[in-house]
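See structure below.
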Amino acid sequence: MGFEYDRIFMLQRVEDGENMHVPRFPSMCLFRTEFAPNNENPEKVLVRYNLEHTFDQPENKLPKEDEVLEIPLQPDVTGLKTTEYAMHTTTARGHVMPDKICKWFSDRFGYEVRLNYIGGNKREVLGNLNPNAPRAWAGDADPKKEAAKQMSPAGGWLDGFKAGIGNIVGTVASYSGIDGYKGVDDGITYADLAAFLVANYKSHVEVARRVQTDLDVEKFRPNIVVDGDDEECAAWSEDHWGEISIGPEEKGTRIAFTANCPRCASLNVDYNTGKMGEGPEGQVLKSLQSDRRVDPGFKYSPIFGRYGFLSQKNGLRPDKPITISVGDEVQITKRNDKRTHFYWPNLGT
């Protein structure tokens, strides 16, 4: 479980059924979205496209009366075609949205695509990213071997919390309570590998310094950004975060971290052109290669950010959603002595 409405839609190329991700389809960055009528009580998402013509086809002008696409956040799936495909070794199921919506995207990409809605479906969390999987939380142990053993898994205040959309509500579902340092695995949506991707703003600032250009933190695609001025939020300190608490000290919402986030060429995309960047914009990934390949489970990719899940310490109830907001204070409630070791079947090294 994660933020309500987070990654519930997925674009797919019709020709070969390929799931569309930014590294392979950088023109996806030309779309902008916002909730309506507001962030607190959204009913639909509004989608806009940055260009006046089909991507890389300036002669194909787009109709101005069709500039904004409205998509309901809870579509009626009656009569919609169902679809099933693989995503990071897991099975992704969903419903194909109506032709009018799919055509709006196709006209802008220049080839046929479909928009899938996940509905009530969820994807399985694999490897030691699953918060309840048999795994070593941190250290030198190889999680591939630890998983086979069926093991039982075993601060200070920061002054800021940032997120991509104003006030955000995460709706929770029921689960079987288990004591100990664990998170809740209610499955994931079309998010890559976890419900939450948390970034440290100071690490983002360090990357911008390296490439000597302004970088929007959205380029790293987190759904939570933490910022602070003390050593606990220094650049790359997040590598050792095991758990954070967001909100009042005694009643904060806790997020348990299970893995680092390995990075790819999506960091080099220019969001203004929808193509791989030139100059500093195209050097972001390279700027991290020398000292950020710190996870032996993904040894050829630099690390930026932490994957996490709601902690069972929250005392979750299906009838009581959790709300966190921009500006909430954040506490580091658990630190690992060593970095976690990434393991997801058929991903990494």
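To be explicit about the labels: the chains of the structure tokens are called A, B, and onward in the order shown, and within each one the residues are counted from 1, while ligands get numbers from 1 in the order they are shown.
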Proximity check region 288-349 of chain A to region 262-265 of chain A, 8 Å, nearest pairs one decimal Å, only C-alpha atoms, as CSV:
residue,atom,partner,partner_atom,distance
A:Phe298,CA,A:Pro262,CA,6.7
A:Ser301,CA,A:Pro262,CA,5.6
A:Pro302,CA,A:Arg263,CA,5.6
A:Ile303,CA,A:Pro262,CA,4.6
A:Phe304,CA,A:Pro262,CA,6.5
Apply DSSP to the backbone of this structure and, from region 36-137 of chain A, keep only the residues in strand (DSSP E or B); write these as a PyMOL selection string.
chain A and resi 36+44-49+53-54+57-61+68-72+82-87+90-96+113-117+123
Please provide the set of residues having any atom within 12 Å of Lys100 (chain A), restricted to only C-alpha atoms, with same-chain residues fewer than 3 positions apart removed, written as number ranges by chain.
A: 66, 69-71, 96-97, 103-107, 113-115
Any chance you can output those residues with C-alpha atoms as a tab-separated table (two decimals), in the first residue's frame?
chain	number	residue	atom	x	y	z
A	66	ASP	CA	-8.04	18.83	-27.38
A	69	LEU	CA	-7.20	15.11	-21.31
A	70	GLU	CA	-9.40	14.30	-18.30
A	71	ILE	CA	-9.07	10.82	-16.80
A	96	VAL	CA	-7.50	-0.99	-21.04
A	97	MET	CA	-8.97	2.51	-20.90
A	103	LYS	CA	-6.00	7.71	-29.08
A	104	TRP	CA	-5.18	11.00	-27.30
A	105	PHE	CA	-1.85	9.53	-26.23
A	106	SER	CA	-1.25	7.78	-29.58
A	107	ASP	CA	-1.68	11.05	-31.48
A	113	VAL	CA	-0.38	3.08	-27.38
A	114	ARG	CA	-2.91	2.07	-24.76
A	115	LEU	CA	-3.41	3.30	-21.23
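Across A:Gly305, A:Gly282, A:Pro26, A:Gly348, the tightest approach to Tyr201 (chain A) is made by A:Gly305 when counting only C-alpha atoms.
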At a cut-off of 7 Å, can you tabulate as a tab-separated table every residue of region 252-311 of chain A near region 211-235 of chain A together with its closest atom pair and the distance in Å to one decimal, using only C-alpha atoms and ordering rows by chain then number?
residue	atom	partner	partner_atom	distance
A:Leu267	CA	A:Lys219	CA	6.1
A:Pro280	CA	A:Val211	CA	5.4
A:Gln283	CA	A:Val211	CA	6.7
A:Val284	CA	A:Val211	CA	6.4
A:Ser287	CA	A:Val211	CA	6.8
Contact residues around Glu238 (chain A) with only C-alpha atoms at 10 Å, ignoring same-chain residues under 2 positions, as a list in words
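My reading of the contact set: Val198, Ala199, Asn200, Lys202, Ser203, Val226, Glu232, Cys233, Ala234, Ala235, Trp236, His240, Trp241, Gly242, Glu243, Phe257, Asn260, Phe304, Gly305, Arg306, Ile332, Arg335, Asn336 and Arg339 of chain A.
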Point out the residue among A:Ile8, A:Ala259, A:Glu40, A:Asp56 with the least atom-to-atom distance to Gln74 (chain A), counting only C-alpha atoms.
A:Ile8
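Between CA of Leu46 (chain A) and CA of Arg32 (chain A) the interatomic distance comes to 8.1 Å.
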If you measure from CA of Tyr343 (chain A) to CA of His21 (chain A), what distance in Å do you get, rounded to one decimal?
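Going from CA of Tyr343 (chain A) over to CA of His21 (chain A) covers 20.9 Å.
Nearest to Asp16 (chain A) of all the residues A:Tyr307, A:Tyr85, A:Tyr117, A:Phe109 is A:Tyr85, counting only C-alpha atoms.
Interatomic distance, CA of Val326 (chain A) against CA of Leu73 (chain A): 21.9 Å.
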Neighbour list for Arg93 (chain A) as an NGL selection string, cut-off 7 Å, only C-alpha atoms, skip fewer than 3 positions in-chain:
:A and (83-85 or 118 or 121)
Members of region 178-270 of chain A assigned alpha helix (DSSP H) by DSSP, as a PyMOL selection string
chain A and resi 201-211
Closest to Ala256 (chain A) among A:Lys299, A:Asn268, A:Leu197, A:Gly274, using only C-alpha atoms?
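Between A:Lys299, A:Asn268, A:Leu197, A:Gly274, the residue approaching Ala256 (chain A) most closely is A:Leu197.
Using only C-alpha atoms for every distance, the candidate list A:Thr340, A:Asn346, A:Ser27, A:Ser245 yields A:Ser27 as the residue closest to Leu51 (chain A).
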